[in-house]
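A.B. asks: Got a structure here, written out as structure tokens. Questions coming.
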Amino acid sequence: MSEFLQHLVNMLVLGGTYALLGIGLTLIFGIMNVVNFTHGVLYTFGAYIMFIVVQQVGLNFFLALPVAVLAGWLLGAAIELTLLRPLRGSDIDTTMLVMIGAWIAMQSGSLWIWGGVAKSVATPFPEAPLVLGPVSVSWLRLFVLAAAALLILVTYLLINRTSLGRAMRATFQDHDTASLMGVNVDMIYTSTFAIGSSLAAAAGALLGPVYVIFPQMGDLAAVKAFAIVILGGLGNITGAVIGGFILALAEELGAGYVSSGYRDAMGFVIIIAVLIFKPTGLFARAERVG
């Protein structure tokens, strides 16, 4: 029983960051109909920004996270303005090829700048974990869980309680009608891609200090983000959150009760089952945006 509780605690920490990845990806697809293959690179970018700000600039660890989120927002806006806006109206195949090219170029750039040696980020948290009965959890992982929960809440409030969120939901429903009603659709697309990118960067900035940072770290994260979106239903933000925790639970239980070598495989067994029995995702009937 104690081992199971430990796995649940680990699932909460991992699921929060998975949810951030899934929300960012499904937000971009739901509103812009763009398959963002740079999502994993943006995740890596956030981790490296955390490393630069903490290890090289010497800024406070807790202030480095907002810097990484802002950097992800700016990079996402730049990608949308330079690559996606000129392709507005193009077919999805052309957009996908451009985004795949951007992913390869950005990852190669990371490898050229940082090399293949893994980096680590020093944290202000004590090494001794917090022990609660049979369960122990590091203070860093508690911070990751709290920060991820806060970012998920902020994103929910942004989508459902602000004028920008209303404009985003209107654009999702019908971008032509939204434009006729005075919504700046181009601005909404840029904002959407920037927000989704900042969430991916936030996930990387949170998990970077937990593990190590290297240029290819975003590849598996991107695959998992796509799995979460498929699991929760394309364009469904609530489904992306739940899907992130389901994937994290499957990985934890698979690693704990089957084999650690099957950690990543267990989640994708669920994805295959979902695609076979419910291809639209587990939460397709829920509201897709908001």
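Each chain in the structure tokens gets a letter, A, B and so on, in the order shown; residues start at 1 in every chain, and ligands are counted from 1 in the order they appear.
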Quick one: pick out all strand (DSSP E) residues within range 4-217 of chain A from a backbone DSSP run and write them as a VMD selection string.
C.D. replies: chain A and resid 130 to 132 135 to 137
A.B. asks: Could the residues in this selection be saved with all heavy atoms as a short mmCIF file (atom, residue, chain, number, x, y, z; two decimals), in the first residue's frame?
C.D. replies:
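That gives us again30.cif:
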```cif
data_model
loop_
_atom_site.label_atom_id
_atom_site.label_comp_id
_atom_site.auth_asym_id
_atom_site.auth_seq_id
_atom_site.Cartn_x
_atom_site.Cartn_y
_atom_site.Cartn_z
N LEU A 130 10.67 15.47 2.16
CA LEU A 130 9.59 15.59 3.12
C LEU A 130 8.96 14.21 3.29
O LEU A 130 8.53 13.59 2.32
CB LEU A 130 8.55 16.59 2.62
CG LEU A 130 7.27 16.72 3.45
CD1 LEU A 130 7.57 17.28 4.84
CD2 LEU A 130 6.25 17.60 2.73
N VAL A 131 8.90 13.74 4.52
CA VAL A 131 8.36 12.40 4.80
C VAL A 131 7.00 12.55 5.47
O VAL A 131 6.88 13.18 6.53
CB VAL A 131 9.31 11.58 5.69
CG1 VAL A 131 8.71 10.22 5.99
CG2 VAL A 131 10.67 11.44 5.02
N LEU A 132 5.99 11.97 4.84
CA LEU A 132 4.63 11.99 5.38
C LEU A 132 4.16 10.54 5.52
O LEU A 132 3.62 9.95 4.57
CB LEU A 132 3.69 12.77 4.47
CG LEU A 132 4.02 14.26 4.26
CD1 LEU A 132 3.12 14.87 3.21
CD2 LEU A 132 3.88 15.02 5.58
N VAL A 135 5.07 7.87 2.79
CA VAL A 135 5.37 8.55 1.53
C VAL A 135 6.44 9.60 1.75
O VAL A 135 6.41 10.34 2.73
CB VAL A 135 4.10 9.22 0.94
CG1 VAL A 135 4.43 10.01 -0.30
CG2 VAL A 135 3.04 8.16 0.65
N SER A 136 7.39 9.66 0.83
CA SER A 136 8.41 10.71 0.86
C SER A 136 8.45 11.39 -0.50
O SER A 136 8.29 10.73 -1.54
CB SER A 136 9.78 10.13 1.21
OG SER A 136 10.23 9.26 0.20
N VAL A 137 8.65 12.70 -0.48
CA VAL A 137 8.71 13.46 -1.73
C VAL A 137 9.70 14.60 -1.53
O VAL A 137 9.75 15.22 -0.46
CB VAL A 137 7.31 13.99 -2.12
CG1 VAL A 137 6.72 14.85 -1.03
CG2 VAL A 137 7.37 14.74 -3.43
#
```
A.B. asks: List the neighbours of Glu251 in chain A out to 9 Å using only C-alpha atoms; skip same-chain residues closer than 3 positions along the sequence, and give me the result as a list in words.
C.D. replies: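 Answer for this query is Met11, Ile246, Leu247, Ala248, Gly254, Ala255, Gly256, Ser260, Tyr262, Arg263, Asp264, Ala265, Met266 and Gly267 of chain A.
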A.B. asks: Could you check the closest approach to Arg169 in chain A for each of A:Leu282, A:Ala227, A:Leu8, A:Ile237 and tell me which residue wins, using only C-alpha atoms?
C.D. replies: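 Of all the options, A:Ile237 lies closest to Arg169 in chain A.
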A.B. asks: Skip Gly204 in chain A itself and residues of its chain fewer than 3 positions away, then list as a list in words all residues within 6 Å of it, counting only C-alpha atoms.
C.D. replies: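 The filter keeps Tyr43, Thr44, Gly46, Ala47, Ala201, Leu207 and Gly208 of chain A.
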A.B. asks: Those residues you just picked out, can you put them in a file as a short mmCIF file (atom, residue, chain, number, x, y, z; two decimals), in the first residue's frame with N, CA and C atoms?
C.D. replies:
```
data_model
loop_
_atom_site.label_atom_id
_atom_site.label_comp_id
_atom_site.auth_asym_id
_atom_site.auth_seq_id
_atom_site.Cartn_x
_atom_site.Cartn_y
_atom_site.Cartn_z
N TYR A 43 9.93 23.05 -25.19
CA TYR A 43 10.13 22.44 -23.88
C TYR A 43 11.61 22.47 -23.50
N THR A 44 12.48 22.08 -24.43
CA THR A 44 13.92 22.13 -24.20
C THR A 44 14.40 23.56 -24.00
N GLY A 46 12.79 26.07 -22.70
CA GLY A 46 12.47 26.51 -21.35
C GLY A 46 13.46 25.98 -20.33
N ALA A 47 13.88 24.72 -20.50
CA ALA A 47 14.86 24.14 -19.58
C ALA A 47 16.20 24.87 -19.67
N ALA A 201 7.43 25.71 -22.55
CA ALA A 201 8.67 26.18 -21.93
C ALA A 201 8.59 26.07 -20.41
N LEU A 207 10.79 20.73 -15.13
CA LEU A 207 11.38 19.39 -15.07
C LEU A 207 12.89 19.39 -15.31
N GLY A 208 13.41 20.47 -15.90
CA GLY A 208 14.85 20.55 -16.13
C GLY A 208 15.67 20.38 -14.85
#
```
A.B. asks: Kindly assemble as JSON lines a list of the range 162-259 of chain A residues that lie within 10 Å of range 142-157 of chain A, each paired with its nearest atom pair and their distance in Å to one decimal, using only C-alpha atoms, sorted first by chain and then by ascending residue number.
C.D. replies:
```
{"residue": "A:Thr162", "atom": "CA", "partner": "A:Leu157", "partner_atom": "CA", "distance": 7.1}
{"residue": "A:Gly165", "atom": "CA", "partner": "A:Leu157", "partner_atom": "CA", "distance": 8.3}
{"residue": "A:Ile195", "atom": "CA", "partner": "A:Thr155", "partner_atom": "CA", "distance": 8.7}
{"residue": "A:Gly196", "atom": "CA", "partner": "A:Thr155", "partner_atom": "CA", "distance": 9.7}
{"residue": "A:Leu199", "atom": "CA", "partner": "A:Leu151", "partner_atom": "CA", "distance": 7.9}
{"residue": "A:Ala202", "atom": "CA", "partner": "A:Ala148", "partner_atom": "CA", "distance": 8.2}
{"residue": "A:Ala203", "atom": "CA", "partner": "A:Ala148", "partner_atom": "CA", "distance": 7.7}
{"residue": "A:Ala205", "atom": "CA", "partner": "A:Val144", "partner_atom": "CA", "distance": 9.4}
{"residue": "A:Leu206", "atom": "CA", "partner": "A:Val144", "partner_atom": "CA", "distance": 5.7}
{"residue": "A:Leu207", "atom": "CA", "partner": "A:Val144", "partner_atom": "CA", "distance": 7.4}
{"residue": "A:Pro209", "atom": "CA", "partner": "A:Val144", "partner_atom": "CA", "distance": 9.6}
{"residue": "A:Val210", "atom": "CA", "partner": "A:Val144", "partner_atom": "CA", "distance": 8.7}
{"residue": "A:Ile237", "atom": "CA", "partner": "A:Tyr156", "partner_atom": "CA", "distance": 8.6}
{"residue": "A:Thr238", "atom": "CA", "partner": "A:Tyr156", "partner_atom": "CA", "distance": 9.0}
{"residue": "A:Val241", "atom": "CA", "partner": "A:Ile152", "partner_atom": "CA", "distance": 8.3}
```
A.B. asks: Find the nearest atom pair between each residue of range 15-47 of chain A and range 172-176 of chain A for residues within 9 Å, count only C-alpha atoms, give distances in Å to one decimal, sort rows by chain and ascending number, and present the table as a tab-separated table.
C.D. replies:
```
residue	atom	partner	partner_atom	distance
A:Gly30	CA	A:Phe172	CA	6.7
A:Ile31	CA	A:Phe172	CA	4.7
A:Met32	CA	A:Phe172	CA	7.6
```
A.B. asks: Suppose we keep N, CA, C and O atoms; can you now write the selection as a PDB file, in the first residue's frame?
C.D. replies:
```pdb
ATOM      1  N   GLY A  30      -6.447  23.322 -31.499  1.00  0.00           N
ATOM      2  CA  GLY A  30      -7.874  23.593 -31.459  1.00  0.00           C
ATOM      3  C   GLY A  30      -8.248  24.905 -32.108  1.00  0.00           C
ATOM      4  O   GLY A  30      -9.280  25.019 -32.770  1.00  0.00           O
ATOM      5  N   ILE A  31      -7.425  25.930 -31.935  1.00  0.00           N
ATOM      6  CA  ILE A  31      -7.756  27.261 -32.443  1.00  0.00           C
ATOM      7  C   ILE A  31      -7.145  27.509 -33.816  1.00  0.00           C
ATOM      8  O   ILE A  31      -7.788  28.085 -34.698  1.00  0.00           O
ATOM      9  N   MET A  32      -5.903  27.068 -34.010  1.00  0.00           N
ATOM     10  CA  MET A  32      -5.189  27.389 -35.241  1.00  0.00           C
ATOM     11  C   MET A  32      -5.168  26.252 -36.253  1.00  0.00           C
ATOM     12  O   MET A  32      -4.778  26.457 -37.395  1.00  0.00           O
TER      13      MET A  32
END
```
A.B. asks: Give me the residues within 12 Å of Ile52 in chain A as a compact mmCIF listing (two decimals) with N, CA and C atoms, in the first residue's frame, counting only C-alpha atoms and dropping any in the same chain fewer than 3 places off.
C.D. replies:
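Listed below is the output, selection_13.txt:
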```
# COMPACT_ATOMS: atom_id res chain seq x y z
N PHE A 45 13.84 24.47 -24.78
CA PHE A 45 14.21 25.89 -24.67
C PHE A 45 13.94 26.42 -23.27
N GLY A 46 12.79 26.07 -22.70
CA GLY A 46 12.47 26.51 -21.35
C GLY A 46 13.46 25.98 -20.33
N ALA A 47 13.88 24.72 -20.50
CA ALA A 47 14.86 24.14 -19.58
C ALA A 47 16.20 24.87 -19.67
N TYR A 48 16.63 25.18 -20.89
CA TYR A 48 17.91 25.87 -21.06
C TYR A 48 17.85 27.31 -20.54
N ILE A 49 16.70 27.96 -20.70
CA ILE A 49 16.55 29.31 -20.14
C ILE A 49 16.68 29.26 -18.62
N GLN A 55 22.18 29.42 -13.43
CA GLN A 55 23.59 29.04 -13.33
C GLN A 55 24.55 30.10 -13.88
N GLN A 56 24.15 30.80 -14.93
CA GLN A 56 25.08 31.74 -15.55
C GLN A 56 24.81 33.19 -15.17
N VAL A 57 23.53 33.56 -15.10
CA VAL A 57 23.20 34.94 -14.71
C VAL A 57 23.18 35.08 -13.19
N GLY A 58 22.81 34.01 -12.50
CA GLY A 58 22.78 34.04 -11.04
C GLY A 58 21.50 34.60 -10.45
N LEU A 59 20.43 34.60 -11.25
CA LEU A 59 19.15 35.10 -10.74
C LEU A 59 18.53 34.09 -9.79
N ASN A 60 17.67 34.58 -8.90
CA ASN A 60 16.99 33.72 -7.95
C ASN A 60 16.22 32.61 -8.67
N PHE A 61 16.27 31.40 -8.12
CA PHE A 61 15.64 30.23 -8.75
C PHE A 61 14.15 30.47 -8.99
N ALA A 64 13.43 32.71 -11.89
CA ALA A 64 13.85 32.18 -13.19
C ALA A 64 12.68 31.55 -13.93
N LEU A 65 11.71 30.97 -13.21
CA LEU A 65 10.57 30.33 -13.87
C LEU A 65 9.75 31.33 -14.68
N VAL A 67 10.77 34.05 -15.97
CA VAL A 67 11.62 34.44 -17.10
C VAL A 67 11.54 33.40 -18.21
N ALA A 68 11.58 32.12 -17.84
CA ALA A 68 11.48 31.04 -18.84
C ALA A 68 10.12 31.06 -19.53
N ALA A 71 10.17 33.97 -21.93
CA ALA A 71 11.01 33.65 -23.08
C ALA A 71 10.30 32.71 -24.04
N TRP A 114 25.04 24.42 -27.29
CA TRP A 114 25.29 23.85 -25.97
C TRP A 114 26.11 22.57 -25.99
N LYS A 119 23.37 19.30 -18.84
CA LYS A 119 23.52 20.37 -17.85
C LYS A 119 22.60 20.07 -16.67
N SER A 120 22.95 20.64 -15.53
CA SER A 120 22.10 20.52 -14.35
C SER A 120 21.89 21.89 -13.74
N VAL A 121 20.79 22.03 -13.03
CA VAL A 121 20.43 23.31 -12.42
C VAL A 121 20.42 23.14 -10.91
N ALA A 122 21.16 23.99 -10.23
CA ALA A 122 21.16 23.97 -8.76
C ALA A 122 19.86 24.57 -8.23
N ALA A 205 11.12 24.11 -17.99
CA ALA A 205 11.79 24.81 -16.89
C ALA A 205 11.54 24.14 -15.56
N GLY A 208 13.41 20.47 -15.90
CA GLY A 208 14.85 20.55 -16.13
C GLY A 208 15.67 20.38 -14.85
N PRO A 209 15.33 21.10 -13.77
CA PRO A 209 16.08 20.92 -12.52
C PRO A 209 15.86 19.55 -11.87
N ILE A 213 19.50 18.45 -18.38
CA ILE A 213 19.10 19.18 -19.57
C ILE A 213 20.05 18.84 -20.72
```
A.B. asks: Distance CA of Phe4 in chain A-CA of Leu253 in chain A, one decimal place?
C.D. replies: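 That distance, rounded to one decimal, is 8.1 Å.
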A.B. asks: Looking at A:Leu231, A:Val53, A:Val258, A:Leu180, which one is nearest to Ile271 in chain A, with distances taken over only C-alpha atoms?
C.D. replies: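 Of A:Leu231, A:Val53, A:Val258, A:Leu180, the one nearest Ile271 in chain A is A:Leu231, counting only C-alpha atoms.
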A.B. asks: Would you mind listing what lies within 9 Å of range 33-37 of chain A as a PyMOL selection string, with only C-alpha atoms counted and same-chain residues fewer than 3 positions away left out?
C.D. replies: chain A and resi 25-26+28-30+40-41+84+92+95-96+99-103+193+222
A.B. asks: Just the residues within 12 Å of Leu81 in chain A, please, counting only C-alpha atoms, with nothing from its chain fewer than 4 positions along; format it as a PyMOL selection string.
C.D. replies: chain A and resi 74-77+85-88+186-194
A.B. asks: Under the rule that only C-alpha atoms are counted, which of A:Phe226, A:Phe62, A:Trp139, A:Phe51 is the nearest residue to Val13 in chain A?
C.D. replies: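 Using only C-alpha atoms, Val13 in chain A sits closest to A:Trp139.
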A.B. asks: For the helix (DSSP H, G or I) assignment from backbone DSSP, which residues of range 125-203 of chain A qualify? Please present them as a compact mmCIF listing (two decimals) with N, CA and C atoms, in the first residue's frame.
C.D. replies:
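Written out: out.txt:
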```txt
# COMPACT_ATOMS: atom_id res chain seq x y z
N TRP A 139 11.39 18.27 -1.86
CA TRP A 139 10.82 19.62 -1.84
C TRP A 139 10.78 20.20 -3.24
N LEU A 140 11.75 19.85 -4.08
CA LEU A 140 11.74 20.34 -5.46
C LEU A 140 10.52 19.83 -6.21
N ARG A 141 10.18 18.56 -6.02
CA ARG A 141 9.01 18.01 -6.71
C ARG A 141 7.72 18.64 -6.20
N LEU A 142 7.67 18.97 -4.92
CA LEU A 142 6.50 19.69 -4.40
C LEU A 142 6.36 21.06 -5.07
N PHE A 143 7.49 21.73 -5.23
CA PHE A 143 7.46 23.02 -5.92
C PHE A 143 6.99 22.86 -7.36
N VAL A 144 7.46 21.83 -8.05
CA VAL A 144 7.04 21.57 -9.42
C VAL A 144 5.53 21.35 -9.49
N LEU A 145 5.00 20.56 -8.56
CA LEU A 145 3.56 20.31 -8.53
C LEU A 145 2.78 21.59 -8.28
N ALA A 146 3.21 22.40 -7.32
CA ALA A 146 2.51 23.65 -7.00
C ALA A 146 2.56 24.63 -8.17
N ALA A 147 3.73 24.76 -8.79
CA ALA A 147 3.87 25.69 -9.91
C ALA A 147 3.05 25.24 -11.10
N ALA A 148 3.04 23.93 -11.38
CA ALA A 148 2.24 23.42 -12.50
C ALA A 148 0.75 23.64 -12.25
N ALA A 149 0.29 23.40 -11.02
CA ALA A 149 -1.12 23.62 -10.68
C ALA A 149 -1.49 25.09 -10.84
N LEU A 150 -0.60 25.98 -10.43
CA LEU A 150 -0.86 27.42 -10.57
C LEU A 150 -0.95 27.82 -12.03
N LEU A 151 -0.06 27.31 -12.86
CA LEU A 151 -0.08 27.64 -14.28
C LEU A 151 -1.33 27.09 -14.97
N ILE A 152 -1.75 25.90 -14.58
CA ILE A 152 -2.99 25.34 -15.13
C ILE A 152 -4.18 26.21 -14.75
N LEU A 153 -4.23 26.66 -13.49
CA LEU A 153 -5.32 27.52 -13.04
C LEU A 153 -5.32 28.86 -13.79
N VAL A 154 -4.14 29.45 -13.95
CA VAL A 154 -4.04 30.73 -14.66
C VAL A 154 -4.51 30.56 -16.11
N THR A 155 -4.13 29.47 -16.75
CA THR A 155 -4.57 29.22 -18.13
C THR A 155 -6.08 29.06 -18.21
N TYR A 156 -6.65 28.33 -17.24
CA TYR A 156 -8.11 28.16 -17.21
C TYR A 156 -8.81 29.51 -17.07
N LEU A 157 -8.34 30.34 -16.15
CA LEU A 157 -8.95 31.66 -15.95
C LEU A 157 -8.77 32.54 -17.18
N LEU A 158 -7.62 32.44 -17.84
CA LEU A 158 -7.38 33.22 -19.05
C LEU A 158 -8.37 32.85 -20.14
N ILE A 159 -8.61 31.56 -20.31
CA ILE A 159 -9.51 31.11 -21.38
C ILE A 159 -10.97 31.43 -21.06
N ASN A 160 -11.36 31.33 -19.79
CA ASN A 160 -12.77 31.41 -19.43
C ASN A 160 -13.20 32.72 -18.77
N ARG A 161 -12.26 33.57 -18.37
CA ARG A 161 -12.65 34.74 -17.60
C ARG A 161 -12.10 36.05 -18.15
N SER A 163 -11.35 38.76 -21.70
CA SER A 163 -11.79 39.11 -23.05
C SER A 163 -10.95 38.42 -24.11
N LEU A 164 -9.65 38.24 -23.82
CA LEU A 164 -8.80 37.50 -24.75
C LEU A 164 -9.29 36.06 -24.89
N GLY A 165 -9.65 35.45 -23.77
CA GLY A 165 -10.16 34.08 -23.81
C GLY A 165 -11.46 33.98 -24.60
N ARG A 166 -12.34 34.95 -24.43
CA ARG A 166 -13.59 34.95 -25.20
C ARG A 166 -13.31 35.08 -26.69
N ALA A 167 -12.35 35.93 -27.03
CA ALA A 167 -11.99 36.09 -28.44
C ALA A 167 -11.37 34.81 -28.99
N MET A 168 -10.57 34.12 -28.17
CA MET A 168 -9.97 32.86 -28.61
C MET A 168 -11.05 31.81 -28.84
N ARG A 169 -12.03 31.74 -27.93
CA ARG A 169 -13.10 30.76 -28.09
C ARG A 169 -13.97 31.09 -29.30
N ALA A 170 -14.19 32.38 -29.54
CA ALA A 170 -14.97 32.78 -30.71
C ALA A 170 -14.24 32.43 -32.00
N THR A 171 -12.93 32.65 -32.00
CA THR A 171 -12.13 32.30 -33.18
C THR A 171 -12.15 30.80 -33.43
N PHE A 172 -12.14 30.03 -32.35
CA PHE A 172 -12.22 28.58 -32.50
C PHE A 172 -13.54 28.16 -33.13
N GLN A 173 -14.63 28.78 -32.70
CA GLN A 173 -15.95 28.40 -33.20
C GLN A 173 -16.09 28.75 -34.69
N HIS A 175 -13.77 31.49 -37.23
CA HIS A 175 -12.85 32.63 -37.30
C HIS A 175 -13.36 33.71 -38.24
N ASP A 176 -14.14 33.34 -39.29
CA ASP A 176 -14.69 34.36 -40.19
C ASP A 176 -15.72 35.23 -39.48
N THR A 177 -16.63 34.59 -38.75
CA THR A 177 -17.63 35.35 -38.01
C THR A 177 -16.98 36.19 -36.92
N ALA A 178 -15.99 35.62 -36.23
CA ALA A 178 -15.28 36.37 -35.20
C ALA A 178 -14.62 37.61 -35.79
N SER A 179 -14.04 37.48 -36.98
CA SER A 179 -13.42 38.62 -37.64
C SER A 179 -14.45 39.68 -37.98
N LEU A 180 -15.63 39.28 -38.45
CA LEU A 180 -16.69 40.23 -38.76
C LEU A 180 -17.20 40.95 -37.51
N VAL A 185 -8.20 38.47 -35.66
CA VAL A 185 -7.88 37.05 -35.74
C VAL A 185 -6.38 36.82 -35.79
N ASP A 186 -5.66 37.67 -36.51
CA ASP A 186 -4.20 37.52 -36.58
C ASP A 186 -3.58 37.64 -35.19
N MET A 187 -4.06 38.59 -34.40
CA MET A 187 -3.55 38.75 -33.04
C MET A 187 -3.90 37.56 -32.17
N ILE A 188 -5.09 37.01 -32.38
CA ILE A 188 -5.50 35.84 -31.61
C ILE A 188 -4.62 34.64 -31.94
N TYR A 189 -4.31 34.44 -33.21
CA TYR A 189 -3.45 33.33 -33.60
C TYR A 189 -2.06 33.48 -32.98
N THR A 190 -1.51 34.69 -33.04
CA THR A 190 -0.19 34.92 -32.45
C THR A 190 -0.22 34.69 -30.95
N SER A 191 -1.25 35.20 -30.29
CA SER A 191 -1.38 35.03 -28.84
C SER A 191 -1.54 33.57 -28.47
N THR A 192 -2.32 32.84 -29.25
CA THR A 192 -2.55 31.42 -28.97
C THR A 192 -1.25 30.62 -29.07
N PHE A 193 -0.51 30.86 -30.15
CA PHE A 193 0.74 30.12 -30.31
C PHE A 193 1.74 30.52 -29.22
N ALA A 194 1.75 31.80 -28.86
CA ALA A 194 2.66 32.26 -27.81
C ALA A 194 2.31 31.64 -26.46
N ILE A 195 1.03 31.57 -26.14
CA ILE A 195 0.60 30.98 -24.87
C ILE A 195 0.93 29.49 -24.83
N GLY A 196 0.61 28.78 -25.90
CA GLY A 196 0.94 27.36 -25.95
C GLY A 196 2.43 27.11 -25.83
N SER A 197 3.23 27.96 -26.47
CA SER A 197 4.69 27.83 -26.39
C SER A 197 5.19 28.11 -24.99
N SER A 198 4.60 29.11 -24.32
CA SER A 198 5.04 29.43 -22.96
C SER A 198 4.74 28.30 -21.99
N LEU A 199 3.64 27.58 -22.21
CA LEU A 199 3.32 26.43 -21.35
C LEU A 199 4.31 25.29 -21.56
N ALA A 200 4.71 25.07 -22.81
CA ALA A 200 5.73 24.05 -23.07
C ALA A 200 7.05 24.43 -22.43
N ALA A 201 7.43 25.71 -22.55
CA ALA A 201 8.67 26.18 -21.93
C ALA A 201 8.59 26.07 -20.41
N ALA A 202 7.41 26.33 -19.85
CA ALA A 202 7.25 26.21 -18.40
C ALA A 202 7.44 24.77 -17.95
N ALA A 203 6.90 23.82 -18.71
CA ALA A 203 7.09 22.40 -18.36
C ALA A 203 8.57 22.02 -18.39
```
A.B. asks: What gap, in Å, lies between CA of Gly133 in chain A and CA of Glu252 in chain A?
C.D. replies: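 Rounded to one decimal, the two atoms are 19.9 Å apart.
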A.B. asks: I'd like the interatomic distance between CA of Ala78 in chain A and CA of Val117 in chain A, to a tenth of an Å.
C.D. replies: 27.8 Å
